[in-house]
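Have a look at input.cif; it's mmCIF, C-alpha atoms:
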```cif
data_protein
#
loop_
_atom_site.label_atom_id
_atom_site.label_comp_id
_atom_site.auth_asym_id
_atom_site.auth_seq_id
_atom_site.Cartn_x
_atom_site.Cartn_y
_atom_site.Cartn_z
CA MET A 1373 -30.89 21.52 -7.36
CA THR A 1374 -28.33 22.92 -9.76
CA GLY A 1375 -25.10 21.17 -10.58
CA THR A 1376 -26.24 17.70 -9.57
CA VAL A 1377 -26.44 16.50 -13.16
CA VAL A 1378 -23.53 14.59 -14.63
CA THR A 1379 -23.38 14.94 -18.41
CA ALA A 1380 -22.64 11.92 -20.59
CA ASP A 1381 -19.27 13.44 -21.56
CA GLU A 1382 -18.30 14.01 -17.94
CA ARG A 1383 -19.38 10.49 -17.08
CA ARG A 1384 -17.26 8.97 -19.83
CA ALA A 1385 -14.19 11.04 -18.94
CA ILE A 1386 -14.51 10.25 -15.23
CA LEU A 1387 -14.95 6.51 -15.78
CA LYS A 1388 -11.92 6.41 -18.06
CA GLN A 1389 -9.82 8.26 -15.48
CA ALA A 1390 -11.06 6.05 -12.64
CA LEU A 1391 -10.22 2.91 -14.59
CA SER A 1392 -6.72 4.07 -15.49
CA ILE A 1393 -5.96 5.01 -11.89
CA GLY A 1394 -7.11 1.58 -10.73
CA VAL A 1395 -4.90 -0.15 -13.29
CA ALA A 1396 -1.91 2.07 -12.46
CA LEU A 1397 -2.06 0.91 -8.85
CA ILE A 1398 -1.70 -2.79 -9.71
CA PRO A 1399 2.08 -2.92 -9.08
CA PHE A 1400 1.56 -1.26 -5.67
CA GLY A 1401 -1.06 -3.85 -4.79
CA LEU A 1402 1.26 -6.67 -5.87
CA ALA A 1403 4.07 -5.12 -3.81
CA PHE A 1404 1.78 -4.88 -0.81
CA GLY A 1405 0.80 -8.54 -1.09
CA VAL A 1406 4.47 -9.51 -1.24
CA LEU A 1407 5.29 -7.32 1.77
CA CYS A 1408 2.52 -9.02 3.79
CA ARG A 1409 4.10 -12.39 3.20
CA ARG A 1410 7.49 -11.04 4.29
CA ALA A 1411 5.76 -9.95 7.50
CA ASP A 1412 4.47 -13.53 7.95
CA LEU A 1413 0.87 -12.52 7.29
CA SER A 1414 -1.46 -14.87 5.39
CA TRP A 1415 -2.99 -13.92 2.05
CA PHE A 1416 -6.27 -13.56 3.89
CA GLN A 1417 -4.79 -11.02 6.28
CA ALA A 1418 -3.26 -9.21 3.31
CA LEU A 1419 -6.74 -9.01 1.79
CA GLY A 1420 -8.06 -7.85 5.17
CA PHE A 1421 -5.65 -4.91 5.15
CA SER A 1422 -6.49 -3.95 1.57
CA SER A 1423 -10.26 -4.17 2.04
CA LEU A 1424 -10.71 -2.97 5.64
CA VAL A 1425 -7.87 -0.45 6.06
CA PHE A 1426 -7.97 0.51 2.36
CA THR A 1427 -5.43 3.32 2.61
CA GLY A 1428 -2.28 2.34 0.72
CA GLY A 1429 0.28 4.39 2.62
CA SER A 1430 -0.99 3.26 6.03
CA GLN A 1431 -1.06 -0.37 4.96
CA PHE A 1432 2.54 -0.24 3.74
CA ALA A 1433 3.60 1.60 6.90
CA SER A 1434 2.00 -0.84 9.37
CA VAL A 1435 2.96 -4.02 7.58
CA GLY A 1436 6.44 -2.67 6.81
CA VAL A 1437 7.04 -2.16 10.53
CA LEU A 1438 5.86 -5.72 11.22
CA ALA A 1439 8.15 -7.06 8.46
CA ASP A 1440 11.10 -5.27 10.09
CA GLY A 1441 10.33 -6.94 13.41
CA GLY A 1442 8.79 -3.88 15.07
CA SER A 1443 6.20 -4.09 17.85
CA PRO A 1444 2.44 -4.09 17.12
CA ILE A 1445 2.13 -0.71 18.86
CA ALA A 1446 4.74 0.83 16.56
CA ALA A 1447 3.01 -0.74 13.55
CA ILE A 1448 -0.35 0.70 14.60
CA ALA A 1449 1.10 4.15 15.32
CA ALA A 1450 2.91 4.32 11.97
CA GLY A 1451 -0.25 3.31 10.10
CA LEU A 1452 -2.60 5.67 11.90
CA LEU A 1453 -0.26 8.67 11.69
CA LEU A 1454 -0.30 8.29 7.95
CA SER A 1455 -4.10 8.11 7.77
CA ILE A 1456 -4.77 11.29 9.78
CA ARG A 1457 -5.07 13.11 6.46
CA SER A 1458 -8.26 11.11 5.80
CA LEU A 1459 -9.94 13.36 8.37
CA VAL A 1460 -9.30 16.42 6.21
CA TYR A 1461 -10.40 14.54 3.09
CA GLY A 1462 -13.63 13.62 4.90
CA LEU A 1463 -14.33 17.24 5.76
CA MET A 1464 -13.57 18.28 2.17
CA MET A 1465 -15.92 15.75 0.64
CA ALA A 1466 -18.71 15.76 3.26
CA PRO A 1467 -20.86 18.42 1.52
CA THR A 1468 -21.00 16.27 -1.66
CA LEU A 1469 -21.53 12.94 0.11
CA THR A 1470 -25.02 13.61 1.38
CA GLY A 1471 -27.81 11.08 1.70
CA ARG A 1472 -28.88 8.20 3.89
CA VAL A 1473 -26.61 7.15 6.75
CA TRP A 1474 -25.80 3.77 5.18
CA PHE A 1475 -24.72 5.51 1.96
CA ARG A 1476 -22.51 8.00 3.79
CA ALA A 1477 -21.04 5.18 5.90
CA LEU A 1478 -20.12 3.13 2.82
CA ALA A 1479 -18.96 6.09 0.75
CA ALA A 1480 -16.68 7.24 3.58
CA HIS A 1481 -14.74 3.98 3.33
CA LEU A 1482 -13.60 5.06 -0.16
CA MET A 1483 -11.91 8.18 1.32
CA ILE A 1484 -8.45 7.82 -0.24
CA ASP A 1485 -5.99 10.08 -2.09
CA GLU A 1486 -7.19 8.94 -5.51
CA SER A 1487 -10.96 9.28 -4.99
CA VAL A 1488 -10.58 12.72 -3.39
CA ALA A 1489 -8.25 13.85 -6.18
CA VAL A 1490 -10.66 12.83 -8.94
CA GLY A 1491 -13.78 14.13 -7.17
CA SER A 1492 -12.38 17.43 -5.95
CA ALA A 1493 -11.20 18.32 -9.46
CA PHE A 1494 -14.84 19.26 -10.19
CA GLU A 1495 -16.78 22.27 -8.91
CA GLN A 1496 -20.35 20.98 -9.24
CA PRO A 1497 -21.67 18.50 -6.66
CA GLY A 1498 -22.86 15.98 -9.29
CA PRO A 1499 -19.51 15.27 -10.97
CA ARG A 1500 -17.70 15.66 -7.62
CA ARG A 1501 -19.72 12.85 -6.16
CA PHE A 1502 -19.59 10.69 -9.28
CA GLY A 1503 -15.84 11.16 -9.65
CA TYR A 1504 -15.21 10.35 -5.99
CA LEU A 1505 -17.32 7.18 -6.09
CA ALA A 1506 -16.03 5.97 -9.47
CA ALA A 1507 -12.37 6.39 -8.57
CA GLY A 1508 -12.86 4.94 -5.08
CA LEU A 1509 -14.65 1.84 -6.36
CA SER A 1510 -12.21 1.29 -9.21
CA VAL A 1511 -9.21 1.49 -6.88
CA PHE A 1512 -10.96 -0.76 -4.36
CA VAL A 1513 -11.42 -3.53 -6.93
CA PHE A 1514 -7.94 -3.40 -8.49
CA TRP A 1515 -6.21 -2.86 -5.14
CA ASN A 1516 -7.76 -5.91 -3.50
CA LEU A 1517 -7.30 -8.16 -6.54
CA SER A 1518 -3.64 -7.22 -6.95
CA THR A 1519 -2.99 -7.62 -3.21
CA VAL A 1520 -4.29 -11.20 -3.28
CA VAL A 1521 -2.34 -12.03 -6.44
CA GLY A 1522 0.82 -10.54 -4.90
CA ALA A 1523 0.40 -12.46 -1.66
CA ILE A 1524 -0.52 -15.81 -3.18
CA VAL A 1525 1.28 -16.00 -6.51
CA ILE A 1526 4.47 -14.06 -5.82
CA GLY A 1527 4.95 -13.48 -2.13
CA SER A 1528 5.11 -16.99 -0.74
CA ASP A 1529 8.53 -17.58 -2.28
CA THR A 1530 11.13 -15.43 -0.46
CA GLY A 1531 13.92 -16.57 -2.78
CA PHE A 1532 11.92 -15.28 -5.73
CA THR A 1533 11.22 -11.98 -3.92
CA GLU A 1534 14.93 -11.31 -3.35
CA LYS A 1535 16.05 -12.60 -6.73
CA TRP A 1536 13.69 -10.31 -8.63
CA GLY A 1537 14.23 -7.32 -6.38
CA LEU A 1538 10.63 -7.23 -5.23
CA ASP A 1539 11.71 -5.91 -1.82
CA ALA A 1540 12.79 -2.74 -3.65
CA THR A 1541 9.20 -2.15 -4.77
CA VAL A 1542 8.41 -0.90 -1.25
CA PRO A 1543 10.80 2.08 -1.15
CA ALA A 1544 9.87 2.73 -4.79
CA ALA A 1545 6.18 2.85 -3.83
CA PHE A 1546 6.86 5.22 -0.94
CA VAL A 1547 9.01 7.57 -2.99
CA ALA A 1548 6.31 7.63 -5.69
CA LEU A 1549 3.71 8.56 -3.05
CA LEU A 1550 6.01 11.23 -1.62
CA TRP A 1551 7.01 12.73 -4.97
CA PRO A 1552 3.91 14.84 -5.78
CA ARG A 1553 4.07 16.39 -2.29
CA LEU A 1554 7.56 17.76 -2.88
CA VAL A 1555 6.32 20.58 -5.10
CA SER A 1556 6.20 22.98 -2.16
CA LEU A 1557 9.34 24.19 -0.40
CA GLU A 1558 7.73 23.69 2.99
CA GLN A 1559 6.92 20.04 2.27
CA ARG A 1560 10.42 19.44 0.91
CA ARG A 1561 11.97 20.85 4.07
CA VAL A 1562 9.76 18.84 6.41
CA ALA A 1563 10.33 15.66 4.35
CA ALA A 1564 14.11 16.15 4.54
CA ILE A 1565 13.94 16.59 8.32
CA GLY A 1566 11.79 13.45 8.58
CA ALA A 1567 14.36 11.51 6.54
CA VAL A 1568 17.21 12.68 8.78
CA ILE A 1569 15.27 11.78 11.94
CA ALA A 1570 14.76 8.26 10.56
CA LEU A 1571 18.42 7.85 9.55
CA VAL A 1572 19.66 8.90 12.98
CA LEU A 1573 17.18 6.81 14.95
CA ILE A 1574 17.19 3.53 12.97
CA PRO A 1575 20.28 2.13 14.80
CA ILE A 1576 19.02 3.41 18.17
CA LEU A 1577 15.29 2.66 18.43
CA ARG A 1578 13.21 -0.47 17.82
CA PRO A 1579 11.95 -0.87 14.23
CA GLY A 1580 8.96 1.35 13.47
CA LEU A 1581 9.66 3.95 16.13
CA PRO A 1582 11.97 6.04 13.87
CA ILE A 1583 9.01 6.38 11.49
CA VAL A 1584 6.70 7.51 14.28
CA ALA A 1585 9.37 9.95 15.50
CA SER A 1586 9.68 11.49 12.02
CA ALA A 1587 6.19 12.95 12.49
CA PHE A 1588 7.72 15.48 14.88
CA ALA A 1589 9.31 17.12 11.84
CA VAL A 1590 6.02 19.00 11.37
CA LEU A 1591 6.79 20.97 14.53
CA THR A 1592 9.43 22.85 12.54
CA LEU A 1593 6.50 24.50 10.72
CA PHE A 1594 6.11 26.66 13.79
CA LEU A 1595 9.73 27.72 14.14
CA PRO A 1596 10.14 31.42 13.51
CA MET A 1597 11.61 31.60 10.03
CA ARG A 1598 13.51 34.63 8.90
CA LYS A 1599 11.98 35.87 5.67
CA VAL A 1600 14.62 36.52 3.08
CA SER A 1601 13.81 39.69 1.23
CA VAL A 1602 15.14 40.30 -2.23
CA ASN A 1603 15.71 43.90 -3.12
CA MET B 811 -2.46 -13.07 16.11
CA GLU B 812 -0.34 -9.90 16.23
CA GLY B 813 -1.18 -9.40 12.59
CA TRP B 814 -4.92 -9.47 13.27
CA VAL B 815 -4.63 -7.00 16.15
CA VAL B 816 -2.69 -4.52 14.01
CA LEU B 817 -5.08 -5.06 11.10
CA LEU B 818 -8.25 -4.48 13.10
CA VAL B 819 -6.98 -1.52 15.14
CA VAL B 820 -5.59 0.28 12.08
CA ALA B 821 -8.78 -0.50 10.13
CA ALA B 822 -11.02 0.84 12.91
CA GLY B 823 -8.90 3.95 13.47
CA THR B 824 -8.61 4.70 9.76
CA TYR B 825 -12.35 4.27 9.24
CA ALA B 826 -13.08 6.61 12.15
CA LEU B 827 -10.85 9.24 10.52
CA LYS B 828 -12.38 8.71 7.07
CA SER B 829 -15.99 8.78 8.21
CA SER B 830 -16.11 11.52 10.84
CA GLY B 831 -16.53 14.15 8.10
CA PRO B 832 -19.40 12.54 6.16
CA LEU B 833 -21.08 10.95 9.20
CA LEU B 834 -20.65 13.43 12.04
CA LEU B 835 -19.10 16.75 11.19
CA GLY B 836 -20.93 17.71 8.00
CA ASN B 837 -19.89 21.17 6.90
CA ARG B 838 -17.58 22.05 9.75
CA THR B 839 -13.94 22.94 9.12
CA LEU B 840 -10.76 22.64 11.16
CA PRO B 841 -8.68 25.58 12.38
CA PRO B 842 -6.07 26.61 9.77
CA LYS B 843 -3.12 25.62 11.98
CA VAL B 844 -4.48 22.10 12.45
CA GLN B 845 -5.17 21.83 8.73
CA ARG B 846 -1.61 22.88 7.97
CA VAL B 847 -0.14 20.26 10.31
CA ILE B 848 -2.35 17.51 8.90
CA ALA B 849 -1.59 18.48 5.32
CA THR B 850 2.14 18.41 6.02
CA LEU B 851 2.24 15.26 8.15
CA PRO B 852 2.49 12.70 5.31
CA ALA B 853 5.68 14.24 3.90
CA PRO B 854 8.06 13.43 6.81
CA LEU B 855 6.36 10.07 7.40
CA LEU B 856 6.71 9.01 3.77
CA ALA B 857 10.32 10.24 3.71
CA ALA B 858 11.07 8.21 6.86
CA LEU B 859 9.39 5.19 5.27
CA VAL B 860 11.54 5.57 2.14
CA ILE B 861 14.66 5.64 4.32
CA THR B 862 13.54 2.70 6.43
CA ALA B 863 12.48 0.55 3.49
CA THR B 864 15.82 1.23 1.78
CA PHE B 865 18.43 1.28 4.54
CA ALA B 866 17.05 -0.57 7.57
CA LYS B 867 17.62 -4.26 8.16
CA ALA B 868 16.95 -5.78 11.59
CA GLY B 869 17.49 -2.49 13.39
CA GLN B 870 20.73 -1.60 11.60
CA LEU B 871 21.61 0.78 8.79
CA VAL B 872 22.83 -1.20 5.79
CA ILE B 873 23.57 -0.42 2.17
CA ASP B 874 22.46 -3.20 -0.14
CA ALA B 875 20.93 -3.62 -3.59
CA ARG B 876 17.74 -1.83 -2.52
CA VAL B 877 19.68 1.45 -2.92
CA MET B 878 19.92 0.80 -6.65
CA GLY B 879 16.16 0.33 -6.73
CA LEU B 880 15.52 3.61 -4.93
CA ALA B 881 17.96 5.49 -7.19
CA THR B 882 16.26 4.05 -10.26
CA ALA B 883 12.82 4.97 -8.93
CA ILE B 884 13.95 8.57 -8.38
CA VAL B 885 15.38 8.77 -11.91
CA ALA B 886 12.09 7.38 -13.28
CA LEU B 887 10.12 9.98 -11.33
CA LEU B 888 12.39 12.77 -12.56
CA ALA B 889 11.70 11.50 -16.08
CA LYS B 890 7.97 11.81 -15.27
CA ARG B 891 7.27 8.09 -15.67
CA GLY B 892 4.09 6.49 -14.33
CA PHE B 893 3.69 4.32 -11.23
CA VAL B 894 4.09 1.06 -13.12
CA PHE B 895 7.38 2.10 -14.68
CA VAL B 896 8.72 3.42 -11.35
CA VAL B 897 8.00 0.26 -9.38
CA VAL B 898 9.01 -2.24 -12.07
CA SER B 899 12.27 -0.46 -12.92
CA ALA B 900 13.19 -0.31 -9.21
CA ALA B 901 12.69 -4.05 -8.87
CA LEU B 902 14.71 -4.77 -12.02
CA ALA B 903 17.59 -2.51 -10.97
CA THR B 904 17.78 -4.27 -7.61
CA ALA B 905 17.60 -7.68 -9.25
CA VAL B 906 20.43 -6.77 -11.63
CA ALA B 907 22.56 -5.41 -8.76
CA ARG B 908 22.07 -8.68 -6.88
CA ARG B 909 23.00 -10.65 -9.99
CA PHE B 910 26.29 -8.74 -9.96
CA GLY B 911 26.94 -9.73 -6.37
CA MET B 912 25.50 -6.85 -4.33
CA ALA B 913 23.80 -8.07 -1.16
#
```

Would you mind giving the structure from this file in structure tokens?
Amino acid sequence: MTGTVVTADERRAILKQALSIGVALIPFGLAFGVLCRRADLSWFQALGFSSLVFTGGSQFASVGVLADGGSPIAAIAAGLLLSIRSLVYGLMMAPTLTGRVWFRALAAHLMIDESVAVGSAFEQPGPRRFGYLAAGLSVFVFWNLSTVVGAIVIGSDTGFTEKWGLDATVPAAFVALLWPRLVSLEQRRVAAIGAVIALVLIPILRPGLPIVASAFAVLTLFLPMRKVSVN
Amino acid sequence: MEGWVVLLVVAAGTYALKSSGPLLLGNRTLPPKVQRVIATLPAPLLAALVITATFAKAGQLVIDARVMGLATAIVALLAKRGFVFVVVSAALATAVARRFGMA
């Protein structure tokens, strides 16, 4: 089959990229561990989220709702709404992730923003697959390690968390995840509507539900928009 | 207990979403409208999460030192700084604001 070979140069470049992405996510992992403790979860549950859910945005969303005192249903809904995109990622990567069932089952668990970004940057199936797996595994290792360190070393002391502003790492992490999406006008508009929905509903609804409600902002995609023509 | 329920349900649901492509659907694709909705969905959710994580406290809107953290994070992103810088500078800005008496 053509294109299945990964050259030594490609391999080196991919591994370097995968490693640097894993390292860059360390502060997010620490922040997630701290957030888990604020939500009264144990370090073991924090590790459970990072290893079994293994989708940063969904983890922050679910545990954030719990930390705010929201219901389990709201926490689940917020987390799952944010992981629906994994379905599209799975369809994108499926043609490159061929093989035995056990391999596909394990490889699918690595279906996250970072692995798909690194893998899908290549055209040929070989580097696509290698990039996906390398980035996914690298993030998996660093993400779980930093979660445990955050939960055990930092997060058990709430005075420390407040004093050093660690609660502010959560909005910072979310805005950093949102940032690259704001390149398109459509995404900016829908994000702004989602933000307004949350602001209006926070004093009215139970914690977590304003986040779930913000998903309805996507319906504005189907409003008839007047095209502005420039002559 | 609640924590375990949320953990296991979100883990199972997320894995089902991740794996249905590689395990079940193979080369199939979704209708363009569905793809567009799914591609756009994270933007309002993440925006709502930014708002909630910054301004919500026990079901009320409040302005406290977390605002300084968010503002700093946005400045860092505008200056094209990496993740580490964004998160650490947000924490420091909030810590400094608290040191100066902000809640």

Please list, as number ranges by chain, the residues that have an atom at most 12 Å away from (-3.9, -2.5, -7.4) in the coordinates of this file, counting all atoms listed in the file.
A: 1391-1405, 1419, 1422-1423, 1426-1428, 1508-1522, 1545; B: 893-894

With the file shown as input, list the residues that the PyMOL selection byres ((chain B and resi 832-835) around 12) selects, as number ranges by chain.
A: 1458-1483; B: 825-831, 836-840

Hey, can you spit out that residue selection with C-alpha atoms as a JSON list (two decimals), in the frame of the given file?
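This is the output file result03.json:
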```json
[["chain", "number", "residue", "atom", "x", "y", "z"],
["A", 1458, "SER", "CA", -8.26, 11.11, 5.80],
["A", 1459, "LEU", "CA", -9.94, 13.36, 8.37],
["A", 1460, "VAL", "CA", -9.30, 16.42, 6.21],
["A", 1461, "TYR", "CA", -10.40, 14.54, 3.09],
["A", 1462, "GLY", "CA", -13.63, 13.62, 4.90],
["A", 1463, "LEU", "CA", -14.33, 17.24, 5.76],
["A", 1464, "MET", "CA", -13.57, 18.28, 2.17],
["A", 1465, "MET", "CA", -15.92, 15.75, 0.64],
["A", 1466, "ALA", "CA", -18.71, 15.76, 3.26],
["A", 1467, "PRO", "CA", -20.86, 18.42, 1.52],
["A", 1468, "THR", "CA", -21.00, 16.27, -1.66],
["A", 1469, "LEU", "CA", -21.53, 12.94, 0.11],
["A", 1470, "THR", "CA", -25.02, 13.61, 1.38],
["A", 1471, "GLY", "CA", -27.81, 11.08, 1.70],
["A", 1472, "ARG", "CA", -28.88, 8.20, 3.89],
["A", 1473, "VAL", "CA", -26.61, 7.15, 6.75],
["A", 1474, "TRP", "CA", -25.80, 3.77, 5.18],
["A", 1475, "PHE", "CA", -24.72, 5.51, 1.96],
["A", 1476, "ARG", "CA", -22.51, 8.00, 3.79],
["A", 1477, "ALA", "CA", -21.04, 5.18, 5.90],
["A", 1478, "LEU", "CA", -20.12, 3.13, 2.82],
["A", 1479, "ALA", "CA", -18.96, 6.09, 0.75],
["A", 1480, "ALA", "CA", -16.68, 7.24, 3.58],
["A", 1481, "HIS", "CA", -14.74, 3.98, 3.33],
["A", 1482, "LEU", "CA", -13.60, 5.06, -0.16],
["A", 1483, "MET", "CA", -11.91, 8.18, 1.32],
["B", 825, "TYR", "CA", -12.35, 4.27, 9.24],
["B", 826, "ALA", "CA", -13.08, 6.61, 12.15],
["B", 827, "LEU", "CA", -10.85, 9.24, 10.52],
["B", 828, "LYS", "CA", -12.38, 8.71, 7.07],
["B", 829, "SER", "CA", -15.99, 8.78, 8.21],
["B", 830, "SER", "CA", -16.11, 11.52, 10.84],
["B", 831, "GLY", "CA", -16.53, 14.15, 8.10],
["B", 836, "GLY", "CA", -20.93, 17.71, 8.00],
["B", 837, "ASN", "CA", -19.89, 21.17, 6.90],
["B", 838, "ARG", "CA", -17.58, 22.05, 9.75],
["B", 839, "THR", "CA", -13.94, 22.94, 9.12],
["B", 840, "LEU", "CA", -10.76, 22.64, 11.16]]
```

Any idea what the distance is between CA of Leu1550 (chain A) and CA of Gly1442 (chain A)?
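It comes out at 22.7 Å.
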
Show which residues sit within 12 Å of Leu1577 (chain A), as a list in words. Count all atoms listed in the file, and ignore same-chain residues fewer than 5 positions away.
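The residues that qualify are Gly1441, Gly1442, Ser1443, Ala1446, Ile1569, Ala1570, Leu1571, Val1572, Pro1582, Ile1583, Val1584 and Ala1585 of chain A; Ala866, Ala868, Gly869, Gln870 and Leu871 of chain B.
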
Select, from A:Ala1506, A:Val1377, A:Leu1573, A:Val1590, the residue with the minimum atom-to-atom distance to chain B, counting all atoms listed in the file.
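Closest candidate: A:Val1590.
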
Straight-line distance linking CA of Gly1491 (chain A) with CA of Ala1390 (chain A), stated in Å to one decimal:
10.1 Å

Sel. within 12 Å of pt (23.5, -14.3, -5.5), counting only C-alpha atoms, output as a tab-separated table (two decimals) with C-alpha atoms, in the frame of the given file:
```tsv
chain	number	residue	atom	x	y	z
A	1531	GLY	CA	13.92	-16.57	-2.78
A	1532	PHE	CA	11.92	-15.28	-5.73
A	1534	GLU	CA	14.93	-11.31	-3.35
A	1535	LYS	CA	16.05	-12.60	-6.73
A	1536	TRP	CA	13.69	-10.31	-8.63
A	1537	GLY	CA	14.23	-7.32	-6.38
B	875	ALA	CA	20.93	-3.62	-3.59
B	904	THR	CA	17.78	-4.27	-7.61
B	905	ALA	CA	17.60	-7.68	-9.25
B	906	VAL	CA	20.43	-6.77	-11.63
B	907	ALA	CA	22.56	-5.41	-8.76
B	908	ARG	CA	22.07	-8.68	-6.88
B	909	ARG	CA	23.00	-10.65	-9.99
B	910	PHE	CA	26.29	-8.74	-9.96
B	911	GLY	CA	26.94	-9.73	-6.37
B	912	MET	CA	25.50	-6.85	-4.33
B	913	ALA	CA	23.80	-8.07	-1.16
```

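Taking all atoms listed in the file into account, chain A lies nearest to B:Ala863 out of the set B:Ala863, B:Ala886, B:Val844, B:Val872.
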
I need the residue set behind the PyMOL selection byres ((chain B and resi 876) around 6) for this file; please write it as a PyMOL selection string.
(chain A and resi 1540) or (chain B and resi 864+874-875+877-879+904)
